[in-house]
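Comments concern the structure below.
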Amino acid sequence: MNKTEFPKDFLWGTSISAYQAEGGLLDGGRKESVADYSTRKEGYADNSVTSDFYHHYKEDIALLGELGAKTFRFSLAWPRIIPDGEGEINPEGIRFYHQVLDELEKYGIEPIVTLFHYDLPLTLQKKYGGWKNRAVIDAFVDFVRVCLTEFGGRIKKFLTINEPDILTMYGGHGLDFAGKEEFAETKLIINHHFALAHARAVRLCHELVPDAMIGPVFGYVPVYPATCDPEDVIAAKNISDIQNSFFQELFLNGIYMENVLQFYEGRCLPPDIEAGDMELLQSAKSDLIALNYYKSDVAKACPEEEEEREMGGNIGGKKGTFVYAKMPGYYEMCPNPMLRRTDWDWEIDATGIRCMLRDVYYRYRLPVIITENGVAAFEHYEGETVEDDYRIDYHRKHLAACKKAIMEGVNLIGYCTWTFIDLLSTGHGFCKRYGLVYVNRTDEEELDLKRVPKKSYYWYRDTIKNGGADL
Ligand code: BG6
């Protein structure tokens with residue numbers, strides 16, 4: 001390979017998730033999931049219709065074909081395939097995803113599929129109390145078995161659980177169905193169960209579909225020290241261990257980092273490690289690592305006597321309202337004066353993606369793929385297109401940084417923009433748009449759901465066509 005180019009078989013792609021894009025909640029035999037409740041927020045659209053991919057998938061995949069996408073990353077909705085989470089399989093749900101795969105095949109687009117992207121079937125939540133109960137792991141493994149058996153002939157890249165790190169750090173997404181306090185107390189138990197579910201899925205995939213690849217998806221956030229003061233450097237390392245390495249070591253090596261377990265002592269219950277768990281985790285060898293990247297963080301030292309402060313997300317998109325967390329004795333997060341931020345106060349940092357790729361690849365030596373990378377904005381369609389030059393700039397710079405990482409030896413096999421079509425954000429409604437394709441609706445009104453490719457769609461199409469030669 002010429003090291004100044006993207007590999008010939010590079011997977012140029014784009015991404016969605018089921019609960020954020022499909023809609024059709026009770027169509028085709030799907031039943032409710034916890035996400036159907038967690039998305040109900042005053043003033044915002046919920047996931048009942050969202051982009052209505054369930055009814056528009058043919059049109060959407062045709063647009064993917066015109067884009068020249070080599071891959072499409074989406075998730076299989078557990079409540080569509082096994083509506084109660086365990087037991088009966090829904091043939092209509094299976095048929096729907098076969099139809100999606102038929103369309104992708106028509107355009108020669110390789111599917112990359114996430115097995116869990118937050119839509120835990122409501123029945124399982126009610127019966128077992130959700131992921132804190134090991135019974136949910138068994139149910140998940142049965143669901144994975146159905147997916148592998150049904151689709152293993154057509155899907156050769158599977159991802160297990162989307163962002164266990166972000167889920168454990170910040171909760172939400174239905175994990176706190178029984179209340180925030182219960183989640184805060186049991187989060188390491190839930191995470192341990194995610195890791196076990198991941199490990200069993202990896203082993204099952206190797207057994208049932210040996211020619212497929214499977215791995216975890218991390219929501220990695222690189223952390224820079226605020227200054228070269230060694231105390232700031234260790235503070236940055238503290239939070240990076242807590243939010244990044246802890247999960248990578250657990251999911252990829254089956255190891256618990258002692259310093260992070262110590263950090264959690266007295267803050268929440270420890271993971272419920274039973275005999276055989278660690279052996280299982282260590283035996284499950286992933287084939288690839290998927291990474292979602294949006295932003296970087298900055299940390300500085302925080303003296304013991306300071307008062308703790310929780311992170312407060314900027315939900316409304318009003319710049320400057322983000323509240324930075326403070327953990328006395330560990331770290332204090334702070335803004336980065338060197339970087340611009342989105343309206344939701346997410347730092348825009350293309351070099352961060354290169355830091356992440358080098359860090360992860362040189363530690364684990366597995367093929368890596370970017371499964372999410374994108375920038376959100378408030379956008380309006382006024383009968384023409386959407387001139388999202390800032391998104392072009394964002395992807396151009398992030399892809400250029402990926403190219404540098406490839407030149408430096410990182411085995412990066414693909415890049416998916418988040419998102420393909422506009423869809424429901426996890427916490428900020430429909431007005432926080434990431435898509436290459438505008439979907440004509442607002443938080444208040446469904447409108448006609450018309451698809452309008454934005455300027456970035458055409459830029460990405462040309463970039464794919466020339467193999468990233470201009471980056
Ligand atoms: C990732 C998730 O954490 O970030 C996606 O995998 C999510 O589901 C994306 O949509 C962006 O976050 P948000 O809150 O802006 O939708």
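Please note that chains go A, B, ... in the order of the structure tokens, that every chain numbers its residues from 1, and that ligands are numbered from 1 in the order shown.
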
Where in stretch 37-102 of chain A does DSSP assign strand (DSSP E), given as a PyMOL selection string? chain A and resi 71-75

Can you pull out every residue with an atom within 7 Å of ligand 1? Use only C-alpha atoms and all ligand atoms and format it as a PyMOL selection string. chain A and resi 17+162-163+166+219+292+376+424-428+432

Give me, as a list in words, all polymer residues having an atom no more than 9 Å from stretch 358-362 of chain A, counting only C-alpha atoms and skipping those fewer than 5 positions away in the same chain. Gln248, Ile289, Ile353, Pro367, Val368, Ala405, Glu408, Gly409, Val410, Asn411 and Leu412 of chain A

For the residues in the current selection, export C-alpha atoms as a tab-separated table (two decimals), in the first residue's frame.
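Listed below is the output, out.tsv:
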```tsv
chain	number	residue	atom	x	y	z
A	248	GLN	CA	-10.88	-1.12	27.07
A	289	ILE	CA	-12.34	-2.40	17.76
A	353	ILE	CA	-9.03	11.39	16.59
A	367	PRO	CA	-8.04	-3.49	13.20
A	368	VAL	CA	-9.94	-0.37	14.18
A	405	ALA	CA	-2.77	7.89	11.54
A	408	GLU	CA	1.80	6.27	10.94
A	409	GLY	CA	0.91	2.59	10.80
A	410	VAL	CA	-2.55	2.40	12.36
A	411	ASN	CA	-4.65	-0.35	10.80
A	412	LEU	CA	-7.77	1.76	10.31
```

Measuring atom to atom with only C-alpha atoms, identify which of A:Asn336, A:Ser296, A:Ser51, A:Gln262 is nearest to A:Asp448.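 The closest residue to A:Asp448 is A:Ser51.
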
Selected residue, from A:Glu279, A:Glu304, A:Asp462, A:Glu249, that lies nearest to A:Arg363 when counting only C-alpha atoms: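 Closest to A:Arg363, using only C-alpha atoms: A:Glu249.
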
What's the 7 Å shell around A:Trp346, counting only C-alpha atoms, without same-chain residues fewer than 3 positions away, as an NGL selection string? :A and (295 or 341-342)

Give the answer as one residue: which of A:Ala62, A:Leu280, A:Ala18, A:Ala301 has the shortest atom-to-atom distance to A:Asn47, using only C-alpha atoms? A:Ala18

In stretch 29-201 of chain A, what's helix (DSSP H, G or I) per DSSP? Answer as an MDAnalysis selection string? chainID A and resid 29 35:38 53:67 78:81 91:106 122:128 130:132 134:151 164:170 180:201

I'd like the neighbourhood of stretch 439-443 of chain A as a PyMOL selection string, where a residue qualifies if any of its atoms comes within 6 Å (using only C-alpha atoms), though same-chain residues fewer than 4 positions away should be ignored. chain A and resi 44-45+422+430+447+449-451

From the set A:Pro83, A:Gly317, A:Pro337, A:Gly254, which residue has the shortest atom-to-atom contact distance to A:Leu281, counting only C-alpha atoms?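 Among A:Pro83, A:Gly317, A:Pro337, A:Gly254, it is A:Gly254 that comes nearest to A:Leu281.
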
Shell of 9 Å around A:Arg200, only C-alpha atoms, local chain residues under 5 positions omitted, as a ChimeraX atom specification: /A:137,141,195,205,280-281,284

How would the residues just picked look written out with N, CA and C atoms as a CSV table (one decimal), in the first residue's frame?
```csv
chain,number,residue,atom,x,y,z
A,137,ILE,N,-28.5,-11.0,30.6
A,137,ILE,CA,-27.3,-11.5,29.8
A,137,ILE,C,-27.8,-12.7,29.0
A,141,VAL,N,-27.9,-13.1,25.0
A,141,VAL,CA,-27.1,-14.1,24.2
A,141,VAL,C,-28.1,-14.9,23.3
A,195,ALA,N,-20.0,-6.4,30.0
A,195,ALA,CA,-18.8,-7.1,29.6
A,195,ALA,C,-19.0,-8.6,29.4
A,205,CYS,N,-20.3,-15.9,18.3
A,205,CYS,CA,-20.0,-15.5,16.9
A,205,CYS,C,-18.9,-16.3,16.4
A,280,LEU,N,-14.0,-16.1,31.6
A,280,LEU,CA,-14.8,-15.9,30.4
A,280,LEU,C,-14.4,-14.6,29.7
A,281,LEU,N,-14.2,-13.5,30.4
A,281,LEU,CA,-13.8,-12.2,29.8
A,281,LEU,C,-12.5,-12.4,29.1
A,284,ALA,N,-12.5,-14.3,25.6
A,284,ALA,CA,-13.3,-13.7,24.4
A,284,ALA,C,-12.4,-12.7,23.7
```

Atom CA of A:Phe158 and atom CA of A:Leu64 are how many Å apart? 19.9 Å

Residue contacts of A:Ser33 (12 Å, only C-alpha atoms) excluding same-chain residues fewer than 5 positions away, as an mmCIF file with all heavy atoms, in the first residue's frame:
```
data_model
loop_
_atom_site.group_PDB
_atom_site.id
_atom_site.type_symbol
_atom_site.label_atom_id
_atom_site.label_comp_id
_atom_site.auth_asym_id
_atom_site.auth_seq_id
_atom_site.Cartn_x
_atom_site.Cartn_y
_atom_site.Cartn_z
ATOM 1 N N ALA A 18 -30.992 1.951 15.427
ATOM 2 C CA ALA A 18 -32.409 1.626 15.241
ATOM 3 C C ALA A 18 -33.334 2.565 16.001
ATOM 4 O O ALA A 18 -34.211 3.199 15.413
ATOM 5 C CB ALA A 18 -32.657 0.179 15.657
ATOM 6 N N TYR A 19 -33.113 2.703 17.295
ATOM 7 C CA TYR A 19 -34.126 3.464 18.056
ATOM 8 C C TYR A 19 -34.098 4.944 17.715
ATOM 9 O O TYR A 19 -35.082 5.644 17.908
ATOM 10 C CB TYR A 19 -33.967 3.226 19.570
ATOM 11 C CG TYR A 19 -33.101 4.225 20.308
ATOM 12 C CD1 TYR A 19 -33.664 5.358 20.895
ATOM 13 C CD2 TYR A 19 -31.738 4.039 20.420
ATOM 14 C CE1 TYR A 19 -32.882 6.278 21.591
ATOM 15 C CE2 TYR A 19 -30.955 4.949 21.110
ATOM 16 C CZ TYR A 19 -31.526 6.073 21.682
ATOM 17 O OH TYR A 19 -30.753 6.990 22.348
ATOM 18 N N GLY A 23 -38.323 4.620 13.992
ATOM 19 C CA GLY A 23 -39.741 4.895 14.237
ATOM 20 C C GLY A 23 -40.507 3.586 14.143
ATOM 21 O O GLY A 23 -39.956 2.530 14.468
ATOM 22 N N LEU A 25 -42.724 2.186 15.938
ATOM 23 C CA LEU A 25 -42.495 1.478 17.208
ATOM 24 C C LEU A 25 -43.355 0.250 17.411
ATOM 25 O O LEU A 25 -42.905 -0.737 17.977
ATOM 26 C CB LEU A 25 -42.724 2.429 18.389
ATOM 27 C CG LEU A 25 -41.720 3.559 18.536
ATOM 28 C CD1 LEU A 25 -41.810 4.174 19.916
ATOM 29 C CD2 LEU A 25 -40.300 3.073 18.276
ATOM 30 N N LEU A 26 -44.607 0.341 16.988
ATOM 31 C CA LEU A 26 -45.460 -0.823 17.203
ATOM 32 C C LEU A 26 -45.825 -1.478 15.871
ATOM 33 O O LEU A 26 -46.698 -2.331 15.808
ATOM 34 C CB LEU A 26 -46.712 -0.421 17.996
ATOM 35 C CG LEU A 26 -46.401 0.167 19.387
ATOM 36 C CD1 LEU A 26 -47.655 0.634 20.104
ATOM 37 C CD2 LEU A 26 -45.649 -0.841 20.270
ATOM 38 N N SER A 38 -37.251 6.629 27.499
ATOM 39 C CA SER A 38 -36.175 7.582 27.824
ATOM 40 C C SER A 38 -36.127 8.736 26.832
ATOM 41 O O SER A 38 -35.558 9.779 27.121
ATOM 42 C CB SER A 38 -34.821 6.871 27.885
ATOM 43 O OG SER A 38 -34.429 6.454 26.602
ATOM 44 N N THR A 39 -36.722 8.572 25.644
ATOM 45 C CA THR A 39 -36.681 9.675 24.671
ATOM 46 C C THR A 39 -37.857 10.640 24.850
ATOM 47 O O THR A 39 -37.938 11.631 24.124
ATOM 48 C CB THR A 39 -36.709 9.141 23.218
ATOM 49 O OG1 THR A 39 -37.897 8.373 23.036
ATOM 50 C CG2 THR A 39 -35.502 8.306 22.902
ATOM 51 N N ASN A 47 -39.049 8.986 20.027
ATOM 52 C CA ASN A 47 -38.612 8.097 18.943
ATOM 53 C C ASN A 47 -39.764 7.397 18.232
ATOM 54 O O ASN A 47 -39.546 6.441 17.501
ATOM 55 C CB ASN A 47 -37.610 7.059 19.474
ATOM 56 C CG ASN A 47 -38.246 6.072 20.430
ATOM 57 O OD1 ASN A 47 -39.227 6.410 21.104
ATOM 58 N ND2 ASN A 47 -37.717 4.858 20.514
ATOM 59 N N SER A 48 -41.021 7.866 18.441
ATOM 60 C CA SER A 48 -42.124 7.111 17.841
ATOM 61 C C SER A 48 -42.114 7.173 16.311
ATOM 62 O O SER A 48 -42.459 6.200 15.660
ATOM 63 C CB SER A 48 -43.469 7.565 18.421
ATOM 64 O OG SER A 48 -43.600 8.947 18.311
ATOM 65 N N ALA A 77 -32.802 -3.986 16.046
ATOM 66 C CA ALA A 77 -33.618 -3.681 17.227
ATOM 67 C C ALA A 77 -34.074 -4.980 17.882
ATOM 68 O O ALA A 77 -34.859 -5.737 17.302
ATOM 69 C CB ALA A 77 -34.809 -2.835 16.818
ATOM 70 N N TRP A 78 -33.582 -5.185 19.072
ATOM 71 C CA TRP A 78 -33.959 -6.378 19.851
ATOM 72 C C TRP A 78 -35.500 -6.476 19.986
ATOM 73 O O TRP A 78 -36.071 -7.541 19.709
ATOM 74 C CB TRP A 78 -33.250 -6.253 21.194
ATOM 75 C CG TRP A 78 -33.260 -7.414 22.130
ATOM 76 C CD1 TRP A 78 -33.965 -8.587 22.022
ATOM 77 C CD2 TRP A 78 -32.513 -7.521 23.354
ATOM 78 N NE1 TRP A 78 -33.701 -9.395 23.101
ATOM 79 C CE2 TRP A 78 -32.817 -8.757 23.932
ATOM 80 C CE3 TRP A 78 -31.627 -6.663 24.016
ATOM 81 C CZ2 TRP A 78 -32.271 -9.178 25.146
ATOM 82 C CZ3 TRP A 78 -31.077 -7.079 25.222
ATOM 83 C CH2 TRP A 78 -31.401 -8.326 25.786
ATOM 84 N N PRO A 79 -36.212 -5.370 20.328
ATOM 85 C CA PRO A 79 -37.673 -5.492 20.484
ATOM 86 C C PRO A 79 -38.426 -5.704 19.182
ATOM 87 O O PRO A 79 -39.628 -5.969 19.190
ATOM 88 C CB PRO A 79 -38.076 -4.156 21.124
ATOM 89 C CG PRO A 79 -36.981 -3.214 20.781
ATOM 90 C CD PRO A 79 -35.725 -4.021 20.669
ATOM 91 N N ARG A 80 -37.738 -5.595 18.035
ATOM 92 C CA ARG A 80 -38.379 -5.917 16.756
ATOM 93 C C ARG A 80 -38.190 -7.403 16.443
ATOM 94 O O ARG A 80 -39.049 -8.036 15.836
ATOM 95 C CB ARG A 80 -37.740 -5.057 15.647
ATOM 96 C CG ARG A 80 -38.655 -4.765 14.501
ATOM 97 C CD ARG A 80 -38.048 -3.829 13.472
ATOM 98 N NE ARG A 80 -38.203 -2.407 13.730
ATOM 99 C CZ ARG A 80 -39.360 -1.761 13.814
ATOM 100 N NH1 ARG A 80 -40.497 -2.404 13.652
ATOM 101 N NH2 ARG A 80 -39.407 -0.465 14.058
ATOM 102 N N ILE A 81 -37.085 -7.946 16.888
ATOM 103 C CA ILE A 81 -36.761 -9.334 16.541
ATOM 104 C C ILE A 81 -37.317 -10.305 17.593
ATOM 105 O O ILE A 81 -37.881 -11.348 17.258
ATOM 106 C CB ILE A 81 -35.234 -9.462 16.360
ATOM 107 C CG1 ILE A 81 -34.820 -8.680 15.109
ATOM 108 C CG2 ILE A 81 -34.799 -10.930 16.253
ATOM 109 C CD1 ILE A 81 -33.346 -8.642 14.806
ATOM 110 N N ILE A 82 -37.148 -9.943 18.853
ATOM 111 C CA ILE A 82 -37.748 -10.737 19.943
ATOM 112 C C ILE A 82 -38.501 -9.734 20.821
ATOM 113 O O ILE A 82 -37.939 -9.174 21.770
ATOM 114 C CB ILE A 82 -36.672 -11.506 20.758
ATOM 115 C CG1 ILE A 82 -35.800 -12.348 19.816
ATOM 116 C CG2 ILE A 82 -37.336 -12.377 21.825
ATOM 117 C CD1 ILE A 82 -34.748 -13.195 20.504
ATOM 118 N N PRO A 83 -39.771 -9.474 20.485
ATOM 119 C CA PRO A 83 -40.483 -8.343 21.085
ATOM 120 C C PRO A 83 -40.504 -8.331 22.618
ATOM 121 O O PRO A 83 -40.480 -7.264 23.227
ATOM 122 C CB PRO A 83 -41.887 -8.471 20.505
ATOM 123 C CG PRO A 83 -41.673 -9.160 19.192
ATOM 124 C CD PRO A 83 -40.554 -10.126 19.409
ATOM 125 N N ASP A 84 -40.525 -9.506 23.248
ATOM 126 C CA ASP A 84 -40.511 -9.519 24.714
ATOM 127 C C ASP A 84 -39.097 -9.687 25.262
ATOM 128 O O ASP A 84 -38.914 -9.895 26.462
ATOM 129 C CB ASP A 84 -41.415 -10.640 25.249
ATOM 130 C CG ASP A 84 -42.881 -10.254 25.112
ATOM 131 O OD1 ASP A 84 -43.227 -9.126 25.508
ATOM 132 O OD2 ASP A 84 -43.667 -11.065 24.579
ATOM 133 N N GLY A 85 -38.131 -9.666 24.375
ATOM 134 C CA GLY A 85 -36.745 -9.777 24.827
ATOM 135 C C GLY A 85 -36.267 -11.201 24.954
ATOM 136 O O GLY A 85 -35.084 -11.495 24.797
ATOM 137 N N PHE A 116 -26.517 -4.191 20.296
ATOM 138 C CA PHE A 116 -27.274 -3.485 21.338
ATOM 139 C C PHE A 116 -26.955 -2.004 21.300
ATOM 140 O O PHE A 116 -25.854 -1.576 21.615
ATOM 141 C CB PHE A 116 -26.967 -4.046 22.737
ATOM 142 C CG PHE A 116 -27.769 -3.347 23.815
ATOM 143 C CD1 PHE A 116 -29.130 -3.563 23.924
ATOM 144 C CD2 PHE A 116 -27.164 -2.449 24.677
ATOM 145 C CE1 PHE A 116 -29.888 -2.888 24.884
ATOM 146 C CE2 PHE A 116 -27.917 -1.771 25.642
ATOM 147 C CZ PHE A 116 -29.273 -1.996 25.745
ATOM 148 N N HIS A 117 -27.951 -1.238 20.900
ATOM 149 C CA HIS A 117 -27.808 0.231 20.907
ATOM 150 C C HIS A 117 -29.002 0.776 21.697
ATOM 151 O O HIS A 117 -29.879 1.446 21.148
ATOM 152 C CB HIS A 117 -27.760 0.775 19.480
ATOM 153 C CG HIS A 117 -27.099 2.126 19.357
ATOM 154 N ND1 HIS A 117 -26.031 2.370 18.534
ATOM 155 C CD2 HIS A 117 -27.345 3.319 19.977
ATOM 156 C CE1 HIS A 117 -25.664 3.647 18.625
ATOM 157 N NE2 HIS A 117 -26.449 4.240 19.512
ATOM 158 N N TYR A 118 -29.030 0.437 22.961
ATOM 159 C CA TYR A 118 -29.898 1.049 23.989
ATOM 160 C C TYR A 118 -31.367 0.627 24.028
ATOM 161 O O TYR A 118 -32.096 1.083 24.923
ATOM 162 C CB TYR A 118 -29.854 2.585 23.898
ATOM 163 C CG TYR A 118 -28.472 3.180 23.839
ATOM 164 C CD1 TYR A 118 -28.278 4.500 23.448
ATOM 165 C CD2 TYR A 118 -27.338 2.438 24.170
ATOM 166 C CE1 TYR A 118 -27.006 5.067 23.397
ATOM 167 C CE2 TYR A 118 -26.062 2.998 24.115
ATOM 168 C CZ TYR A 118 -25.903 4.302 23.719
ATOM 169 O OH TYR A 118 -24.661 4.860 23.662
ATOM 170 N N ASP A 119 -31.844 -0.205 23.060
ATOM 171 C CA ASP A 119 -33.279 -0.502 23.049
ATOM 172 C C ASP A 119 -33.605 -1.814 23.760
ATOM 173 O O ASP A 119 -34.104 -2.760 23.139
ATOM 174 C CB ASP A 119 -33.835 -0.471 21.615
ATOM 175 C CG ASP A 119 -32.903 -1.141 20.610
ATOM 176 O OD1 ASP A 119 -31.898 -1.759 21.042
ATOM 177 O OD2 ASP A 119 -33.163 -1.039 19.399
ATOM 178 N N LEU A 120 -33.357 -1.849 25.052
ATOM 179 C CA LEU A 120 -33.691 -3.041 25.840
ATOM 180 C C LEU A 120 -35.211 -3.236 25.832
ATOM 181 O O LEU A 120 -35.955 -2.310 26.167
ATOM 182 C CB LEU A 120 -33.210 -2.852 27.289
ATOM 183 C CG LEU A 120 -33.502 -4.035 28.213
ATOM 184 C CD1 LEU A 120 -32.578 -5.205 27.913
ATOM 185 C CD2 LEU A 120 -33.355 -3.629 29.682
ATOM 186 N N PRO A 121 -35.687 -4.443 25.456
ATOM 187 C CA PRO A 121 -37.135 -4.658 25.460
ATOM 188 C C PRO A 121 -37.740 -4.373 26.844
ATOM 189 O O PRO A 121 -37.206 -4.786 27.864
ATOM 190 C CB PRO A 121 -37.266 -6.137 25.085
ATOM 191 C CG PRO A 121 -36.035 -6.411 24.269
ATOM 192 C CD PRO A 121 -34.955 -5.589 24.912
ATOM 193 N N LEU A 122 -38.840 -3.667 26.830
ATOM 194 C CA LEU A 122 -39.455 -3.222 28.086
ATOM 195 C C LEU A 122 -39.832 -4.406 28.983
ATOM 196 O O LEU A 122 -39.732 -4.327 30.211
ATOM 197 C CB LEU A 122 -40.695 -2.376 27.765
ATOM 198 C CG LEU A 122 -41.308 -1.660 28.947
ATOM 199 C CD1 LEU A 122 -40.346 -0.607 29.497
ATOM 200 C CD2 LEU A 122 -42.621 -0.987 28.554
ATOM 201 N N THR A 123 -40.266 -5.493 28.356
ATOM 202 C CA THR A 123 -40.664 -6.670 29.154
ATOM 203 C C THR A 123 -39.510 -7.129 30.046
ATOM 204 O O THR A 123 -39.720 -7.496 31.202
ATOM 205 C CB THR A 123 -41.083 -7.836 28.221
ATOM 206 O OG1 THR A 123 -41.929 -7.310 27.215
ATOM 207 C CG2 THR A 123 -41.788 -8.934 28.971
ATOM 208 N N LEU A 124 -38.297 -7.096 29.501
ATOM 209 C CA LEU A 124 -37.142 -7.540 30.299
ATOM 210 C C LEU A 124 -36.862 -6.574 31.439
ATOM 211 O O LEU A 124 -36.478 -6.979 32.541
ATOM 212 C CB LEU A 124 -35.889 -7.649 29.428
ATOM 213 C CG LEU A 124 -35.864 -8.735 28.363
ATOM 214 C CD1 LEU A 124 -34.512 -8.727 27.654
ATOM 215 C CD2 LEU A 124 -36.123 -10.107 28.969
ATOM 216 N N GLN A 125 -37.058 -5.287 31.159
ATOM 217 C CA GLN A 125 -36.860 -4.284 32.206
ATOM 218 C C GLN A 125 -37.844 -4.559 33.343
ATOM 219 O O GLN A 125 -37.485 -4.569 34.517
ATOM 220 C CB GLN A 125 -37.076 -2.882 31.616
ATOM 221 C CG GLN A 125 -36.984 -1.755 32.619
ATOM 222 C CD GLN A 125 -35.585 -1.567 33.186
ATOM 223 O OE1 GLN A 125 -34.605 -1.607 32.457
ATOM 224 N NE2 GLN A 125 -35.499 -1.391 34.500
ATOM 225 N N LYS A 126 -39.091 -4.808 32.967
ATOM 226 C CA LYS A 126 -40.130 -4.977 33.990
ATOM 227 C C LYS A 126 -39.956 -6.298 34.743
ATOM 228 O O LYS A 126 -40.137 -6.369 35.947
ATOM 229 C CB LYS A 126 -41.512 -4.912 33.342
ATOM 230 C CG LYS A 126 -41.809 -3.503 32.835
ATOM 231 C CD LYS A 126 -43.280 -3.302 32.612
ATOM 232 C CE LYS A 126 -43.603 -1.810 32.482
ATOM 233 N NZ LYS A 126 -44.797 -1.578 31.693
ATOM 234 N N GLY A 130 -33.915 -4.946 34.393
ATOM 235 C CA GLY A 130 -32.901 -4.476 33.444
ATOM 236 C C GLY A 130 -31.546 -5.142 33.601
ATOM 237 O O GLY A 130 -31.428 -6.210 34.214
ATOM 238 N N HIS A 173 -30.453 6.831 28.863
ATOM 239 C CA HIS A 173 -30.758 5.846 27.810
ATOM 240 C C HIS A 173 -31.521 4.632 28.355
ATOM 241 O O HIS A 173 -31.269 3.498 27.934
ATOM 242 C CB HIS A 173 -29.481 5.376 27.108
ATOM 243 C CG HIS A 173 -28.601 6.504 26.689
ATOM 244 N ND1 HIS A 173 -29.056 7.536 25.905
ATOM 245 C CD2 HIS A 173 -27.314 6.797 26.967
ATOM 246 C CE1 HIS A 173 -28.084 8.411 25.706
ATOM 247 N NE2 HIS A 173 -27.020 7.996 26.353
ATOM 248 N N GLY A 174 -32.391 4.859 29.314
ATOM 249 C CA GLY A 174 -33.207 3.763 29.838
ATOM 250 C C GLY A 174 -32.540 2.965 30.943
ATOM 251 O O GLY A 174 -33.171 2.168 31.624
ATOM 252 N N LEU A 175 -31.242 3.190 31.149
ATOM 253 C CA LEU A 175 -30.568 2.429 32.219
ATOM 254 C C LEU A 175 -31.081 2.859 33.583
ATOM 255 O O LEU A 175 -31.022 2.099 34.548
ATOM 256 C CB LEU A 175 -29.054 2.665 32.161
ATOM 257 C CG LEU A 175 -28.310 2.019 31.011
ATOM 258 C CD1 LEU A 175 -26.840 2.369 31.076
ATOM 259 C CD2 LEU A 175 -28.465 0.508 31.050
ATOM 260 N N PHE A 177 -34.152 3.527 34.297
ATOM 261 C CA PHE A 177 -35.601 3.334 34.249
ATOM 262 C C PHE A 177 -36.174 3.270 35.669
ATOM 263 O O PHE A 177 -37.254 3.759 35.951
ATOM 264 C CB PHE A 177 -35.903 2.030 33.492
ATOM 265 C CG PHE A 177 -37.333 1.916 33.032
ATOM 266 C CD1 PHE A 177 -37.728 2.484 31.825
ATOM 267 C CD2 PHE A 177 -38.275 1.244 33.797
ATOM 268 C CE1 PHE A 177 -39.040 2.399 31.401
ATOM 269 C CE2 PHE A 177 -39.591 1.145 33.374
ATOM 270 C CZ PHE A 177 -39.974 1.727 32.171
#
```
